[in-house]
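Undergrad: Structure: run_2.txt, compact mmCIF, N, CA and C atoms.
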```txt
# COMPACT_ATOMS: atom_id res chain seq x y z
N MET V 237 7.10 8.86 -13.10
CA MET V 237 6.93 7.94 -11.99
C MET V 237 6.30 8.68 -10.82
N SER V 238 5.31 8.04 -10.23
CA SER V 238 4.63 8.64 -9.08
C SER V 238 5.56 8.64 -7.87
N ALA V 239 5.51 9.71 -7.11
CA ALA V 239 6.29 9.81 -5.88
C ALA V 239 5.49 9.31 -4.69
N GLU V 240 4.32 8.73 -4.96
CA GLU V 240 3.46 8.23 -3.89
C GLU V 240 3.31 6.72 -3.98
N PHE V 241 3.08 6.11 -2.84
CA PHE V 241 2.92 4.66 -2.74
C PHE V 241 1.72 4.40 -1.85
N ALA V 242 0.89 3.43 -2.19
CA ALA V 242 -0.31 3.12 -1.39
C ALA V 242 -0.18 1.74 -0.76
N ASP V 243 -0.51 1.67 0.51
CA ASP V 243 -0.52 0.41 1.25
C ASP V 243 -1.83 -0.33 0.98
N THR V 244 -1.88 -1.57 1.38
CA THR V 244 -3.03 -2.43 1.15
C THR V 244 -4.32 -1.84 1.73
N ASN V 245 -4.24 -1.23 2.90
CA ASN V 245 -5.47 -0.71 3.53
C ASN V 245 -6.10 0.40 2.71
N ILE V 246 -5.34 1.11 1.91
CA ILE V 246 -5.90 2.14 1.04
C ILE V 246 -6.71 1.47 -0.07
N VAL V 247 -6.13 0.43 -0.66
CA VAL V 247 -6.82 -0.33 -1.72
C VAL V 247 -8.11 -0.93 -1.18
N LEU V 248 -8.03 -1.55 -0.02
CA LEU V 248 -9.20 -2.23 0.54
C LEU V 248 -10.29 -1.25 0.99
N SER V 249 -9.92 -0.02 1.26
CA SER V 249 -10.91 0.99 1.66
C SER V 249 -11.90 1.29 0.53
N LEU V 250 -11.54 0.97 -0.69
CA LEU V 250 -12.47 1.13 -1.81
C LEU V 250 -13.71 0.27 -1.63
N LEU V 251 -13.59 -0.81 -0.88
CA LEU V 251 -14.70 -1.73 -0.67
C LEU V 251 -15.68 -1.23 0.39
N ASP V 252 -15.31 -0.18 1.12
CA ASP V 252 -16.18 0.40 2.14
C ASP V 252 -17.12 1.42 1.51
N ASP V 253 -18.06 1.88 2.31
CA ASP V 253 -18.91 3.00 1.92
C ASP V 253 -18.50 4.19 2.76
N GLY V 254 -18.74 5.38 2.24
CA GLY V 254 -18.51 6.57 3.05
C GLY V 254 -17.22 7.29 2.73
N PRO V 255 -16.80 8.15 3.68
CA PRO V 255 -15.68 9.04 3.43
C PRO V 255 -14.35 8.33 3.20
N LYS V 256 -14.13 7.19 3.87
CA LYS V 256 -12.87 6.47 3.66
C LYS V 256 -12.77 5.98 2.22
N ALA V 257 -13.84 5.46 1.69
CA ALA V 257 -13.85 4.99 0.30
C ALA V 257 -13.61 6.16 -0.65
N ASP V 258 -14.23 7.29 -0.36
CA ASP V 258 -14.05 8.47 -1.20
C ASP V 258 -12.59 8.93 -1.19
N ARG V 259 -11.99 8.96 -0.01
CA ARG V 259 -10.58 9.38 0.12
C ARG V 259 -9.66 8.40 -0.59
N ALA V 260 -9.92 7.10 -0.42
CA ALA V 260 -9.10 6.08 -1.09
C ALA V 260 -9.21 6.20 -2.60
N GLU V 261 -10.41 6.45 -3.09
CA GLU V 261 -10.61 6.62 -4.53
C GLU V 261 -9.82 7.82 -5.05
N ALA V 262 -9.82 8.90 -4.30
CA ALA V 262 -9.07 10.09 -4.71
C ALA V 262 -7.57 9.80 -4.76
N ILE V 263 -7.06 9.08 -3.77
CA ILE V 263 -5.64 8.74 -3.75
C ILE V 263 -5.28 7.81 -4.90
N LEU V 264 -6.05 6.74 -5.06
CA LEU V 264 -5.74 5.76 -6.09
C LEU V 264 -5.94 6.33 -7.50
N GLY V 265 -6.82 7.30 -7.62
CA GLY V 265 -7.02 7.96 -8.91
C GLY V 265 -5.81 8.75 -9.37
N GLN V 266 -4.91 9.05 -8.44
CA GLN V 266 -3.69 9.78 -8.77
C GLN V 266 -2.57 8.84 -9.24
N GLY V 267 -2.84 7.52 -9.22
CA GLY V 267 -1.87 6.55 -9.73
C GLY V 267 -0.65 6.31 -8.87
N PRO V 268 -0.82 6.16 -7.54
CA PRO V 268 0.35 5.85 -6.72
C PRO V 268 0.87 4.46 -7.06
N ARG V 269 2.11 4.23 -6.72
CA ARG V 269 2.69 2.91 -6.92
C ARG V 269 2.17 1.98 -5.82
N ILE V 270 2.14 0.70 -6.12
CA ILE V 270 1.85 -0.35 -5.14
C ILE V 270 2.86 -1.46 -5.40
N SER V 271 2.84 -2.48 -4.58
CA SER V 271 3.74 -3.61 -4.81
C SER V 271 2.94 -4.89 -5.01
N VAL V 272 3.62 -5.91 -5.46
CA VAL V 272 2.99 -7.22 -5.59
C VAL V 272 2.46 -7.66 -4.23
N GLN V 273 3.17 -7.31 -3.17
CA GLN V 273 2.69 -7.67 -1.83
C GLN V 273 1.35 -7.02 -1.54
N VAL V 274 1.14 -5.78 -1.96
CA VAL V 274 -0.15 -5.11 -1.77
C VAL V 274 -1.24 -5.92 -2.48
N LEU V 275 -0.95 -6.35 -3.70
CA LEU V 275 -1.93 -7.17 -4.44
C LEU V 275 -2.21 -8.48 -3.71
N ASN V 276 -1.16 -9.12 -3.20
CA ASN V 276 -1.34 -10.39 -2.49
C ASN V 276 -2.18 -10.22 -1.22
N GLU V 277 -1.88 -9.19 -0.45
CA GLU V 277 -2.64 -8.93 0.77
C GLU V 277 -4.08 -8.57 0.45
N ALA V 278 -4.28 -7.80 -0.60
CA ALA V 278 -5.65 -7.44 -1.01
C ALA V 278 -6.41 -8.69 -1.46
N LEU V 279 -5.74 -9.57 -2.16
CA LEU V 279 -6.36 -10.82 -2.60
C LEU V 279 -6.89 -11.62 -1.40
N VAL V 280 -6.06 -11.79 -0.40
CA VAL V 280 -6.46 -12.55 0.80
C VAL V 280 -7.66 -11.89 1.47
N ASN V 281 -7.60 -10.58 1.62
CA ASN V 281 -8.69 -9.87 2.30
C ASN V 281 -9.97 -9.83 1.49
N CYS V 282 -9.86 -9.72 0.19
CA CYS V 282 -11.06 -9.75 -0.66
C CYS V 282 -11.77 -11.09 -0.53
N ARG V 283 -11.01 -12.16 -0.49
CA ARG V 283 -11.59 -13.50 -0.41
C ARG V 283 -12.11 -13.80 1.00
N ARG V 284 -11.27 -13.60 2.01
CA ARG V 284 -11.62 -14.02 3.37
C ARG V 284 -12.54 -13.05 4.09
N LYS V 285 -12.20 -11.78 4.07
CA LYS V 285 -12.95 -10.80 4.87
C LYS V 285 -14.13 -10.20 4.11
N ALA V 286 -13.91 -9.88 2.84
CA ALA V 286 -14.99 -9.24 2.07
C ALA V 286 -15.91 -10.27 1.42
N GLY V 287 -15.46 -11.54 1.37
CA GLY V 287 -16.30 -12.59 0.82
C GLY V 287 -16.52 -12.51 -0.69
N LEU V 288 -15.60 -11.86 -1.39
CA LEU V 288 -15.74 -11.76 -2.84
C LEU V 288 -15.40 -13.09 -3.50
N SER V 289 -16.03 -13.37 -4.62
CA SER V 289 -15.71 -14.57 -5.40
C SER V 289 -14.35 -14.38 -6.06
N TRP V 290 -13.83 -15.45 -6.64
CA TRP V 290 -12.56 -15.35 -7.38
C TRP V 290 -12.70 -14.36 -8.54
N ASP V 291 -13.81 -14.44 -9.24
CA ASP V 291 -14.03 -13.53 -10.38
C ASP V 291 -14.13 -12.07 -9.91
N GLU V 292 -14.88 -11.83 -8.83
CA GLU V 292 -15.00 -10.48 -8.30
C GLU V 292 -13.65 -9.95 -7.82
N THR V 293 -12.90 -10.81 -7.15
CA THR V 293 -11.58 -10.42 -6.66
C THR V 293 -10.65 -10.10 -7.82
N GLY V 294 -10.66 -10.95 -8.84
CA GLY V 294 -9.82 -10.72 -10.01
C GLY V 294 -10.15 -9.41 -10.70
N ALA V 295 -11.44 -9.12 -10.84
CA ALA V 295 -11.86 -7.87 -11.47
C ALA V 295 -11.44 -6.67 -10.63
N PHE V 296 -11.59 -6.78 -9.32
CA PHE V 296 -11.21 -5.69 -8.42
C PHE V 296 -9.71 -5.42 -8.52
N LEU V 297 -8.90 -6.47 -8.45
CA LEU V 297 -7.45 -6.29 -8.51
C LEU V 297 -6.99 -5.79 -9.87
N ALA V 298 -7.66 -6.23 -10.93
CA ALA V 298 -7.33 -5.75 -12.27
C ALA V 298 -7.59 -4.25 -12.38
N SER V 299 -8.66 -3.79 -11.75
CA SER V 299 -8.97 -2.36 -11.80
C SER V 299 -7.91 -1.55 -11.05
N ILE V 300 -7.36 -2.11 -10.00
CA ILE V 300 -6.29 -1.44 -9.25
C ILE V 300 -5.03 -1.36 -10.10
N GLN V 301 -4.72 -2.45 -10.79
CA GLN V 301 -3.51 -2.50 -11.61
C GLN V 301 -3.58 -1.53 -12.79
N VAL V 302 -4.77 -1.21 -13.24
CA VAL V 302 -4.92 -0.22 -14.30
C VAL V 302 -4.53 1.17 -13.78
N LEU V 303 -4.85 1.44 -12.53
CA LEU V 303 -4.59 2.75 -11.92
C LEU V 303 -3.17 2.90 -11.39
N CYS V 304 -2.62 1.81 -10.86
CA CYS V 304 -1.39 1.90 -10.07
C CYS V 304 -0.26 1.05 -10.66
N PRO V 305 0.89 1.66 -10.96
CA PRO V 305 2.04 0.87 -11.36
C PRO V 305 2.44 -0.08 -10.22
N VAL V 306 2.83 -1.29 -10.56
CA VAL V 306 3.12 -2.32 -9.56
C VAL V 306 4.62 -2.59 -9.49
N GLU V 307 5.17 -2.47 -8.29
CA GLU V 307 6.59 -2.77 -8.04
C GLU V 307 6.74 -4.25 -7.74
N GLU V 308 7.72 -4.86 -8.36
CA GLU V 308 7.99 -6.28 -8.13
C GLU V 308 8.68 -6.48 -6.78
N LEU V 309 8.54 -7.67 -6.25
CA LEU V 309 9.27 -8.05 -5.04
C LEU V 309 10.58 -8.71 -5.48
N THR V 310 11.67 -8.24 -4.92
CA THR V 310 12.99 -8.74 -5.29
C THR V 310 13.78 -9.07 -4.03
N MET V 311 14.95 -9.63 -4.22
CA MET V 311 15.84 -9.87 -3.07
C MET V 311 16.23 -8.54 -2.43
N ARG V 312 16.38 -7.52 -3.23
CA ARG V 312 16.72 -6.20 -2.68
C ARG V 312 15.58 -5.71 -1.79
N THR V 313 14.33 -5.90 -2.24
CA THR V 313 13.18 -5.51 -1.41
C THR V 313 13.25 -6.24 -0.07
N HIS V 314 13.54 -7.52 -0.12
CA HIS V 314 13.64 -8.34 1.09
C HIS V 314 14.75 -7.83 2.02
N GLU V 315 15.92 -7.60 1.45
CA GLU V 315 17.06 -7.19 2.27
C GLU V 315 16.85 -5.82 2.90
N VAL V 316 16.37 -4.87 2.12
CA VAL V 316 16.09 -3.53 2.65
C VAL V 316 14.97 -3.62 3.69
N GLY V 317 13.92 -4.40 3.38
CA GLY V 317 12.81 -4.57 4.31
C GLY V 317 13.24 -5.16 5.64
N ARG V 318 14.11 -6.14 5.58
CA ARG V 318 14.60 -6.76 6.81
C ARG V 318 15.33 -5.73 7.67
N ALA V 319 16.17 -4.92 7.05
CA ALA V 319 16.90 -3.89 7.79
C ALA V 319 15.93 -2.84 8.36
N LEU V 320 14.91 -2.49 7.60
CA LEU V 320 13.93 -1.51 8.09
C LEU V 320 13.13 -2.06 9.27
N ALA V 321 12.78 -3.34 9.21
CA ALA V 321 12.05 -3.96 10.32
C ALA V 321 12.87 -3.89 11.60
N GLU V 322 14.14 -4.15 11.47
CA GLU V 322 15.02 -4.11 12.64
C GLU V 322 15.20 -2.67 13.13
N ARG V 323 15.44 -1.74 12.23
CA ARG V 323 15.76 -0.36 12.59
C ARG V 323 14.55 0.39 13.14
N TYR V 324 13.38 0.19 12.53
CA TYR V 324 12.21 0.98 12.90
C TYR V 324 11.16 0.21 13.71
N GLY V 325 11.35 -1.10 13.83
CA GLY V 325 10.38 -1.90 14.57
C GLY V 325 9.11 -2.20 13.80
N PHE V 326 9.16 -2.04 12.46
CA PHE V 326 8.00 -2.40 11.63
C PHE V 326 7.78 -3.90 11.66
N SER V 327 6.54 -4.33 11.46
CA SER V 327 6.31 -5.75 11.21
C SER V 327 7.02 -6.09 9.91
N VAL V 328 7.28 -7.35 9.69
CA VAL V 328 7.97 -7.76 8.46
C VAL V 328 7.17 -7.33 7.24
N TYR V 329 5.86 -7.53 7.26
CA TYR V 329 5.05 -7.19 6.09
C TYR V 329 5.02 -5.69 5.85
N ASP V 330 4.90 -4.90 6.90
CA ASP V 330 4.94 -3.45 6.74
C ASP V 330 6.31 -3.01 6.22
N ALA V 331 7.36 -3.62 6.73
CA ALA V 331 8.72 -3.27 6.29
C ALA V 331 8.92 -3.54 4.80
N MET V 332 8.30 -4.58 4.29
CA MET V 332 8.43 -4.88 2.86
C MET V 332 7.70 -3.85 2.01
N ILE V 333 6.59 -3.34 2.52
CA ILE V 333 5.86 -2.26 1.83
C ILE V 333 6.72 -1.00 1.82
N VAL V 334 7.27 -0.65 2.98
CA VAL V 334 8.12 0.53 3.09
C VAL V 334 9.34 0.38 2.18
N SER V 335 9.93 -0.80 2.18
CA SER V 335 11.08 -1.07 1.33
C SER V 335 10.76 -0.86 -0.14
N ALA V 336 9.65 -1.41 -0.59
CA ALA V 336 9.26 -1.26 -2.00
C ALA V 336 9.06 0.21 -2.35
N ALA V 337 8.47 0.98 -1.43
CA ALA V 337 8.26 2.41 -1.66
C ALA V 337 9.59 3.15 -1.76
N LEU V 338 10.51 2.85 -0.86
CA LEU V 338 11.82 3.49 -0.89
C LEU V 338 12.59 3.15 -2.17
N ILE V 339 12.60 1.89 -2.53
CA ILE V 339 13.32 1.45 -3.73
C ILE V 339 12.73 2.11 -4.97
N ALA V 340 11.42 2.31 -4.98
CA ALA V 340 10.76 2.95 -6.13
C ALA V 340 10.99 4.47 -6.15
N GLY V 341 11.62 5.01 -5.12
CA GLY V 341 11.90 6.43 -5.08
C GLY V 341 10.73 7.29 -4.62
N CYS V 342 9.79 6.67 -3.95
CA CYS V 342 8.61 7.42 -3.48
C CYS V 342 8.96 8.29 -2.28
N THR V 343 8.20 9.36 -2.11
CA THR V 343 8.41 10.26 -0.98
C THR V 343 7.23 10.25 -0.01
N THR V 344 6.11 9.65 -0.43
CA THR V 344 4.92 9.55 0.42
C THR V 344 4.42 8.12 0.41
N LEU V 345 4.12 7.59 1.59
CA LEU V 345 3.47 6.28 1.72
C LEU V 345 2.14 6.51 2.41
N TRP V 346 1.05 6.27 1.68
CA TRP V 346 -0.31 6.38 2.23
C TRP V 346 -0.65 5.09 2.96
N THR V 347 -0.89 5.17 4.25
CA THR V 347 -1.28 4.01 5.04
C THR V 347 -1.91 4.46 6.35
N GLU V 348 -2.81 3.62 6.88
CA GLU V 348 -3.34 3.91 8.21
C GLU V 348 -2.78 2.95 9.24
N ASP V 349 -1.85 2.09 8.83
CA ASP V 349 -1.33 1.05 9.71
C ASP V 349 0.01 1.37 10.36
N MET V 350 0.63 2.47 9.99
CA MET V 350 1.94 2.80 10.54
C MET V 350 1.89 4.20 11.15
N GLN V 351 2.98 4.62 11.75
CA GLN V 351 3.03 5.88 12.49
C GLN V 351 2.87 7.08 11.55
N ASP V 352 1.75 7.76 11.68
CA ASP V 352 1.46 8.94 10.87
C ASP V 352 2.54 10.00 11.08
N GLY V 353 3.10 10.49 9.97
CA GLY V 353 4.10 11.55 10.03
C GLY V 353 5.53 11.07 10.10
N LEU V 354 5.76 9.78 10.34
CA LEU V 354 7.12 9.25 10.45
C LEU V 354 7.87 9.46 9.13
N LEU V 355 9.10 9.95 9.23
CA LEU V 355 9.97 10.09 8.07
C LEU V 355 10.97 8.94 8.10
N VAL V 356 10.92 8.09 7.10
CA VAL V 356 11.76 6.90 7.04
C VAL V 356 12.97 7.18 6.15
N GLU V 357 14.14 6.95 6.71
CA GLU V 357 15.40 7.12 5.99
C GLU V 357 15.56 8.53 5.41
N GLY V 358 14.89 9.49 6.01
CA GLY V 358 15.01 10.87 5.57
C GLY V 358 14.41 11.13 4.20
N ARG V 359 13.62 10.15 3.68
CA ARG V 359 13.11 10.28 2.31
C ARG V 359 11.64 9.97 2.14
N LEU V 360 11.08 9.13 2.98
CA LEU V 360 9.71 8.64 2.78
C LEU V 360 8.85 9.01 3.98
N ARG V 361 7.84 9.83 3.74
CA ARG V 361 6.93 10.27 4.81
C ARG V 361 5.71 9.36 4.82
N ILE V 362 5.41 8.80 5.98
CA ILE V 362 4.21 7.99 6.16
C ILE V 362 3.06 8.90 6.53
N ILE V 363 1.98 8.80 5.77
CA ILE V 363 0.82 9.67 6.01
C ILE V 363 -0.45 8.83 6.08
N ASN V 364 -1.22 9.05 7.14
CA ASN V 364 -2.52 8.41 7.28
C ASN V 364 -3.57 9.33 6.65
N PRO V 365 -4.08 8.96 5.48
CA PRO V 365 -5.04 9.84 4.81
C PRO V 365 -6.41 9.88 5.48
N PHE V 366 -6.62 8.97 6.41
CA PHE V 366 -7.92 8.88 7.08
C PHE V 366 -7.90 9.50 8.47
N ALA V 367 -6.80 10.11 8.85
CA ALA V 367 -6.66 10.66 10.20
C ALA V 367 -7.75 11.70 10.50
N GLN V 368 -8.27 12.34 9.46
CA GLN V 368 -9.28 13.36 9.69
C GLN V 368 -10.60 13.03 9.04
N VAL V 369 -10.76 11.75 8.66
CA VAL V 369 -12.03 11.32 8.03
C VAL V 369 -12.97 10.86 9.10
```
Written as structure tokens, that's how I'd like the structure from this file.

TA:
Amino acid sequence: MSAEFADTNIVLSLLDDGPKADRAEAILGQGPRISVQVLNEALVNCRRKAGLSWDETGAFLASIQVLCPVEELTMRTHEVGRALAERYGFSVYDAMIVSAALIAGCTTLWTEDMQDGLLVEGRLRIINPFAQV
């Protein structure tokens, strides 16, 4: 099991050109875990922001699922996420990502949307892989 987890912005960075896409590809090539929520958020952004067709979006998400094990969303994810949102001030959606990573036993969460370097619950380090790109 991978000890790393990737947030939606890492997945979506594959659609960019340049160093961010290269860094995202390197991270995702290592097979970090993602959650169903990451897939859902990527779906919305592929359709609305990137303007991909349903077929293009489906192919893109399928390629991600080949690389990354997917964590299901459960009541436990919800309950832990709710507590994390309250304790750390995360948005609800970010808290659910953090929750899924913690429940999966991950020690690293790759994201550019949360506080770089934050250690959550003494077990999960948030790292912005693009901080120096």

Undergrad: I'd like the contact shell of region 259-272 of chain V - 8 Å cut-off, only C-alpha atoms, skipping same-chain residues fewer than 6 positions apart - returned as a PyMOL selection string.

TA: chain V and resi 238-243+246-247+249-250+300+303-309+333+336-337+365-366

Undergrad: Would you mind writing down, as an MDAnalysis selection string, each residue of region 311-349 of chain V that DSSP on the backbone assigns to alpha helix (DSSP H)?

TA: chainID V and resid 311:324 328:339

Undergrad: Those residues you just picked out, can you put them in a file as a JSON list (two decimals), keeping the file's coordinate frame with N, CA and C atoms?

TA:
```
[["chain", "number", "residue", "atom", "x", "y", "z"],
["V", 311, "MET", "N", 14.95, -9.63, -4.22],
["V", 311, "MET", "CA", 15.84, -9.87, -3.07],
["V", 311, "MET", "C", 16.23, -8.54, -2.43],
["V", 312, "ARG", "N", 16.38, -7.52, -3.23],
["V", 312, "ARG", "CA", 16.72, -6.20, -2.68],
["V", 312, "ARG", "C", 15.58, -5.71, -1.79],
["V", 313, "THR", "N", 14.33, -5.90, -2.24],
["V", 313, "THR", "CA", 13.18, -5.51, -1.41],
["V", 313, "THR", "C", 13.25, -6.24, -0.07],
["V", 314, "HIS", "N", 13.54, -7.52, -0.12],
["V", 314, "HIS", "CA", 13.64, -8.34, 1.09],
["V", 314, "HIS", "C", 14.75, -7.83, 2.02],
["V", 315, "GLU", "N", 15.92, -7.60, 1.45],
["V", 315, "GLU", "CA", 17.06, -7.19, 2.27],
["V", 315, "GLU", "C", 16.85, -5.82, 2.90],
["V", 316, "VAL", "N", 16.37, -4.87, 2.12],
["V", 316, "VAL", "CA", 16.09, -3.53, 2.65],
["V", 316, "VAL", "C", 14.97, -3.62, 3.69],
["V", 317, "GLY", "N", 13.92, -4.40, 3.38],
["V", 317, "GLY", "CA", 12.81, -4.57, 4.31],
["V", 317, "GLY", "C", 13.24, -5.16, 5.64],
["V", 318, "ARG", "N", 14.11, -6.14, 5.58],
["V", 318, "ARG", "CA", 14.60, -6.76, 6.81],
["V", 318, "ARG", "C", 15.33, -5.73, 7.67],
["V", 319, "ALA", "N", 16.17, -4.92, 7.05],
["V", 319, "ALA", "CA", 16.90, -3.89, 7.79],
["V", 319, "ALA", "C", 15.93, -2.84, 8.36],
["V", 320, "LEU", "N", 14.91, -2.49, 7.60],
["V", 320, "LEU", "CA", 13.93, -1.51, 8.09],
["V", 320, "LEU", "C", 13.13, -2.06, 9.27],
["V", 321, "ALA", "N", 12.78, -3.34, 9.21],
["V", 321, "ALA", "CA", 12.05, -3.96, 10.32],
["V", 321, "ALA", "C", 12.87, -3.89, 11.60],
["V", 322, "GLU", "N", 14.14, -4.15, 11.47],
["V", 322, "GLU", "CA", 15.02, -4.11, 12.64],
["V", 322, "GLU", "C", 15.20, -2.67, 13.13],
["V", 323, "ARG", "N", 15.44, -1.74, 12.23],
["V", 323, "ARG", "CA", 15.76, -0.36, 12.59],
["V", 323, "ARG", "C", 14.55, 0.39, 13.14],
["V", 324, "TYR", "N", 13.38, 0.19, 12.53],
["V", 324, "TYR", "CA", 12.21, 0.98, 12.90],
["V", 324, "TYR", "C", 11.16, 0.21, 13.71],
["V", 328, "VAL", "N", 7.28, -7.35, 9.69],
["V", 328, "VAL", "CA", 7.97, -7.76, 8.46],
["V", 328, "VAL", "C", 7.17, -7.33, 7.24],
["V", 329, "TYR", "N", 5.86, -7.53, 7.26],
["V", 329, "TYR", "CA", 5.05, -7.19, 6.09],
["V", 329, "TYR", "C", 5.02, -5.69, 5.85],
["V", 330, "ASP", "N", 4.90, -4.90, 6.90],
["V", 330, "ASP", "CA", 4.94, -3.45, 6.74],
["V", 330, "ASP", "C", 6.31, -3.01, 6.22],
["V", 331, "ALA", "N", 7.36, -3.62, 6.73],
["V", 331, "ALA", "CA", 8.72, -3.27, 6.29],
["V", 331, "ALA", "C", 8.92, -3.54, 4.80],
["V", 332, "MET", "N", 8.30, -4.58, 4.29],
["V", 332, "MET", "CA", 8.43, -4.88, 2.86],
["V", 332, "MET", "C", 7.70, -3.85, 2.01],
["V", 333, "ILE", "N", 6.59, -3.34, 2.52],
["V", 333, "ILE", "CA", 5.86, -2.26, 1.83],
["V", 333, "ILE", "C", 6.72, -1.00, 1.82],
["V", 334, "VAL", "N", 7.27, -0.65, 2.98],
["V", 334, "VAL", "CA", 8.12, 0.53, 3.09],
["V", 334, "VAL", "C", 9.34, 0.38, 2.18],
["V", 335, "SER", "N", 9.93, -0.80, 2.18],
["V", 335, "SER", "CA", 11.08, -1.07, 1.33],
["V", 335, "SER", "C", 10.76, -0.86, -0.14],
["V", 336, "ALA", "N", 9.65, -1.41, -0.59],
["V", 336, "ALA", "CA", 9.26, -1.26, -2.00],
["V", 336, "ALA", "C", 9.06, 0.21, -2.35],
["V", 337, "ALA", "N", 8.47, 0.98, -1.43],
["V", 337, "ALA", "CA", 8.26, 2.41, -1.66],
["V", 337, "ALA", "C", 9.59, 3.15, -1.76],
["V", 338, "LEU", "N", 10.51, 2.85, -0.86],
["V", 338, "LEU", "CA", 11.82, 3.49, -0.89],
["V", 338, "LEU", "C", 12.59, 3.15, -2.17],
["V", 339, "ILE", "N", 12.60, 1.89, -2.53],
["V", 339, "ILE", "CA", 13.32, 1.45, -3.73],
["V", 339, "ILE", "C", 12.73, 2.11, -4.97]]
```

Undergrad: Give, as JSON, the centre coordinates and the x, y and z edge lengths in Å to one decimal for an axis-aligned box around all listed atoms of region 270-287 of chain V, padded by 6 Å on each side.

TA:
```
{"center_x": -6.4, "center_y": -6.7, "center_z": -0.6, "size_x": 32.3, "size_y": 26.7, "size_z": 23.0}
```

Undergrad: Pick out the residues sitting within 12 Å of Phe326 (chain V), and hand them over as a list in words; count only C-alpha atoms, and ignore anything fewer than 6 positions along from it in its own chain.

TA: Gly317, Arg318, Ala319, Leu320, Met332, Ile333, Val334, Ser335, Asp349, Met350, Gln351, Leu354 and Val356 of chain V

Undergrad: As an exercise, work out the distance from CA of Gln301 (chain V) to CA of Ile339 (chain V) in Å and give it to one decimal place.

TA: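 Between these atoms lies a distance of 19.0 Å.
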
Undergrad: Find the residues with any atom within 6 Å of (3.2, 6.5, 1.1); use all atoms listed in the file and the coordinates as given in the file, and write the answer as a list in words.

TA: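 Residues found, by chain and rising number: Glu240, Phe241, Ala242, Thr343, Thr344, Leu345, Trp346, Thr347, Arg361, Ile362 and Ile363 of chain V.
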
Undergrad: Please save N, CA and C atoms of the selected residues as a compact mmCIF listing (two decimals), in the coordinates of the input.

TA:
```
# COMPACT_ATOMS: atom_id res chain seq x y z
N GLU V 240 4.32 8.73 -4.96
CA GLU V 240 3.46 8.23 -3.89
C GLU V 240 3.31 6.72 -3.98
N PHE V 241 3.08 6.11 -2.84
CA PHE V 241 2.92 4.66 -2.74
C PHE V 241 1.72 4.40 -1.85
N ALA V 242 0.89 3.43 -2.19
CA ALA V 242 -0.31 3.12 -1.39
C ALA V 242 -0.18 1.74 -0.76
N THR V 343 8.20 9.36 -2.11
CA THR V 343 8.41 10.26 -0.98
C THR V 343 7.23 10.25 -0.01
N THR V 344 6.11 9.65 -0.43
CA THR V 344 4.92 9.55 0.42
C THR V 344 4.42 8.12 0.41
N LEU V 345 4.12 7.59 1.59
CA LEU V 345 3.47 6.28 1.72
C LEU V 345 2.14 6.51 2.41
N TRP V 346 1.05 6.27 1.68
CA TRP V 346 -0.31 6.38 2.23
C TRP V 346 -0.65 5.09 2.96
N THR V 347 -0.89 5.17 4.25
CA THR V 347 -1.28 4.01 5.04
C THR V 347 -1.91 4.46 6.35
N ARG V 361 7.84 9.83 3.74
CA ARG V 361 6.93 10.27 4.81
C ARG V 361 5.71 9.36 4.82
N ILE V 362 5.41 8.80 5.98
CA ILE V 362 4.21 7.99 6.16
C ILE V 362 3.06 8.90 6.53
N ILE V 363 1.98 8.80 5.77
CA ILE V 363 0.82 9.67 6.01
C ILE V 363 -0.45 8.83 6.08
```

Undergrad: Looking only at the backbone, which of the residues in chain V does DSSP tag as strand (DSSP E or B), as a PyMOL selection string?

TA: chain V and resi 240-242+269-271+306-307+344-346+355-356+360-363

Undergrad: One decimal, in Å: what's the spacing between CA of Ser299 (chain V) and CA of Ala278 (chain V)?

TA: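 Pair CA of Ser299 (chain V) / CA of Ala278 (chain V) returns 12.4 Å.
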
Undergrad: Quick one, how far is atom C of Leu251 (chain V) from atom C of Glu292 (chain V)?

TA: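 Distance between the two atoms: 12.1 Å.
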